[in-house]
Amino acid sequence: MKKNIIAQFVIILALVAFSGKTYSQKAEKAAEEKVKIITDQEFDKTIKKGITLIDFWATWCGPCRRQAPIVEEIANEVSKKIKIGKLDIDKNKIAASTYSVRNIPTLIIFKDGKEVKRMVGLQDKQTILNELNAIK
């Protein structure tokens with residue numbers, strides 16, 4: 001009897017943990033779909049028209065990993081009006097060099113292919129939104 005109750009409890013815990021993980025993964029995937037992974041080859045085309053926010057980052061960078069969910073939140077809110085992209089500077093050295101990205105994370109806002117704002121270091125959501133809203 002006791003073993004039955006314990007087994008049922010373990011099954012319930014596993015189901016709750018699994019369903020929570022699935023929900024989290026779905027939410028993460030939806031946010032990631034709004035943040036385009038940019039390469040050197042498509043960089044110029046991506047920023048050419050409209051307003052674009054590019055997050056220059058690297059996998060080994062702790063502040064970059066903390067910046068990522070903030071950028072994803074912003075993408076969920078503004079992706080219909082503004083393109084959001086991420087560029088791994090280790091894999092895409094040309095764009096990082098062209099825009100003199102020396103420290104990461106670096107967020108650059110482009111309007112019609114021209115840099116209009118640069119933010120270096122970890123930025124909070126409201127600061128980024130304020131900068132995006134200031135661009136007309």
# chains A, B, ... in the order shown; residues from 1 in each chain; ligands from 1
$ residues_around --residues "range 58-70 of chain A" --least-positions-apart "4" --cutoff "8 Å" --atoms "only C-alpha atoms" --output "list of chain:residue names"
A:Ile74, A:Asp88, A:Ile89, A:Asp90, A:Ile104, A:Pro105, A:Gly121, A:Leu122, A:Gln123, A:Asp124, A:Lys125
$ residues_around --residues "Asn76 in chain A" --least-positions-apart "2" --cutoff "9 Å" --atoms "only C-alpha atoms" --output "tab-separated table (two decimals) with N, CA and C atoms, in the first residue's frame"
chain	number	residue	atom	x	y	z
A	30	ALA	N	9.24	30.14	-28.79
A	30	ALA	CA	8.46	31.22	-29.39
A	30	ALA	C	9.24	32.53	-29.35
A	31	ALA	N	9.90	32.80	-28.24
A	31	ALA	CA	10.70	34.03	-28.13
A	31	ALA	C	11.89	33.97	-29.07
A	34	LYS	N	11.42	34.95	-32.71
A	34	LYS	CA	11.31	36.38	-32.99
A	34	LYS	C	12.67	37.06	-32.99
A	35	VAL	N	13.68	36.36	-32.48
A	35	VAL	CA	15.05	36.86	-32.49
A	35	VAL	C	15.81	36.07	-33.54
A	71	VAL	N	16.51	40.52	-24.30
A	71	VAL	CA	16.33	40.77	-25.74
A	71	VAL	C	15.13	39.97	-26.26
A	72	GLU	N	14.98	38.74	-25.79
A	72	GLU	CA	13.83	37.92	-26.21
A	72	GLU	C	12.51	38.53	-25.75
A	73	GLU	N	12.47	39.06	-24.53
A	73	GLU	CA	11.26	39.73	-24.04
A	73	GLU	C	10.91	40.92	-24.93
A	74	ILE	N	11.92	41.69	-25.27
A	74	ILE	CA	11.71	42.86	-26.13
A	74	ILE	C	11.20	42.42	-27.49
A	78	VAL	N	8.01	43.93	-29.57
A	78	VAL	CA	8.19	44.88	-30.68
A	78	VAL	C	8.47	44.25	-32.04
A	79	SER	N	8.47	42.93	-32.13
A	79	SER	CA	8.92	42.28	-33.36
A	79	SER	C	8.05	42.58	-34.58
A	80	LYS	N	6.87	43.11	-34.38
A	80	LYS	CA	6.04	43.48	-35.54
A	80	LYS	C	6.52	44.79	-36.18
$ residues_around --residues "range 41-57 of chain A" --least-positions-apart "2" --cutoff "6 Å" --atoms "only C-alpha atoms" --output "VMD selection string"
chain A and resid 39 64 82 to 89 104 to 113
$ atom_distance --atom1 "CA of Asn103 in chain A" --atom2 "CA of Lys81 in chain A"
27.6 Å
$ atom_distance --atom1 "CA of Asp40 in chain A" --atom2 "CA of Asn133 in chain A"
26.8 Å
$ closest_residue --among "A:Ala96, A:Ile38, A:Ala75, A:Glu115" --to "Ile128 in chain A" --atoms "only C-alpha atoms"
A:Ala75
$ select_by_dssp --residues "range 66-135 of chain A" --states "strand (DSSP E or B)" --output "JSON, numbers by chain"
{"A": [83, 84, 85, 86, 87, 88, 106, 107, 108, 109, 110, 111, 114, 115, 116, 117, 118, 119, 120]}
$ write_last_selection --atoms "C-alpha atoms" --output "PDB file, in the first residue's frame"
ATOM      1  CA  LYS A  83      13.674  43.464 -36.356  1.00  0.00           C
ATOM      2  CA  ILE A  84      15.649  41.848 -33.556  1.00  0.00           C
ATOM      3  CA  GLY A  85      18.810  39.854 -34.231  1.00  0.00           C
ATOM      4  CA  LYS A  86      21.735  38.231 -32.459  1.00  0.00           C
ATOM      5  CA  LEU A  87      25.228  37.942 -33.878  1.00  0.00           C
ATOM      6  CA  ASP A  88      27.808  35.619 -32.310  1.00  0.00           C
ATOM      7  CA  THR A 106      26.929  45.352 -27.321  1.00  0.00           C
ATOM      8  CA  LEU A 107      23.494  46.287 -28.632  1.00  0.00           C
ATOM      9  CA  ILE A 108      23.383  48.423 -31.753  1.00  0.00           C
ATOM     10  CA  ILE A 109      20.228  49.948 -33.179  1.00  0.00           C
ATOM     11  CA  PHE A 110      20.257  50.525 -36.928  1.00  0.00           C
ATOM     12  CA  LYS A 111      17.846  52.578 -38.984  1.00  0.00           C
ATOM     13  CA  LYS A 114      22.937  53.271 -40.398  1.00  0.00           C
ATOM     14  CA  GLU A 115      23.954  52.938 -36.760  1.00  0.00           C
ATOM     15  CA  VAL A 116      21.842  55.301 -34.642  1.00  0.00           C
ATOM     16  CA  LYS A 117      22.470  54.048 -31.095  1.00  0.00           C
ATOM     17  CA  ARG A 118      25.003  51.830 -29.328  1.00  0.00           C
ATOM     18  CA  MET A 119      24.666  50.367 -25.842  1.00  0.00           C
ATOM     19  CA  VAL A 120      27.645  48.555 -24.335  1.00  0.00           C
TER      20      VAL A 120
END
$ atom_distance --atom1 "CA of Thr127 in chain A" --atom2 "CA of Glu77 in chain A"
14.2 Å
$ decode --residues "range 67-80 of chain A" --atoms "N, CA and C atoms" --output "compact mmCIF listing (two decimals), in the first residue's frame"
# COMPACT_ATOMS: atom_id res chain seq x y z
N GLN A 67 21.80 38.93 -20.85
CA GLN A 67 21.14 39.86 -21.76
C GLN A 67 20.13 39.15 -22.66
N ALA A 68 20.41 37.89 -23.01
CA ALA A 68 19.59 37.15 -23.98
C ALA A 68 18.09 37.11 -23.63
N PRO A 69 17.69 36.76 -22.42
CA PRO A 69 16.25 36.72 -22.14
C PRO A 69 15.60 38.11 -22.19
N ILE A 70 16.37 39.13 -21.89
CA ILE A 70 15.85 40.50 -21.97
C ILE A 70 15.58 40.86 -23.43
N VAL A 71 16.51 40.52 -24.30
CA VAL A 71 16.33 40.77 -25.74
C VAL A 71 15.13 39.97 -26.26
N GLU A 72 14.98 38.74 -25.79
CA GLU A 72 13.83 37.92 -26.21
C GLU A 72 12.51 38.53 -25.75
N GLU A 73 12.47 39.06 -24.53
CA GLU A 73 11.26 39.73 -24.04
C GLU A 73 10.91 40.92 -24.93
N ILE A 74 11.92 41.69 -25.27
CA ILE A 74 11.71 42.86 -26.13
C ILE A 74 11.20 42.42 -27.49
N ALA A 75 11.77 41.35 -28.01
CA ALA A 75 11.33 40.82 -29.31
C ALA A 75 9.85 40.45 -29.27
N ASN A 76 9.41 39.88 -28.16
CA ASN A 76 7.99 39.52 -28.03
C ASN A 76 7.09 40.74 -28.10
N GLU A 77 7.61 41.88 -27.65
CA GLU A 77 6.80 43.10 -27.61
C GLU A 77 6.87 43.93 -28.88
N VAL A 78 8.01 43.93 -29.57
CA VAL A 78 8.19 44.88 -30.68
C VAL A 78 8.47 44.25 -32.04
N SER A 79 8.47 42.93 -32.13
CA SER A 79 8.92 42.28 -33.36
C SER A 79 8.05 42.58 -34.58
N LYS A 80 6.87 43.11 -34.38
CA LYS A 80 6.04 43.48 -35.54
C LYS A 80 6.52 44.79 -36.18
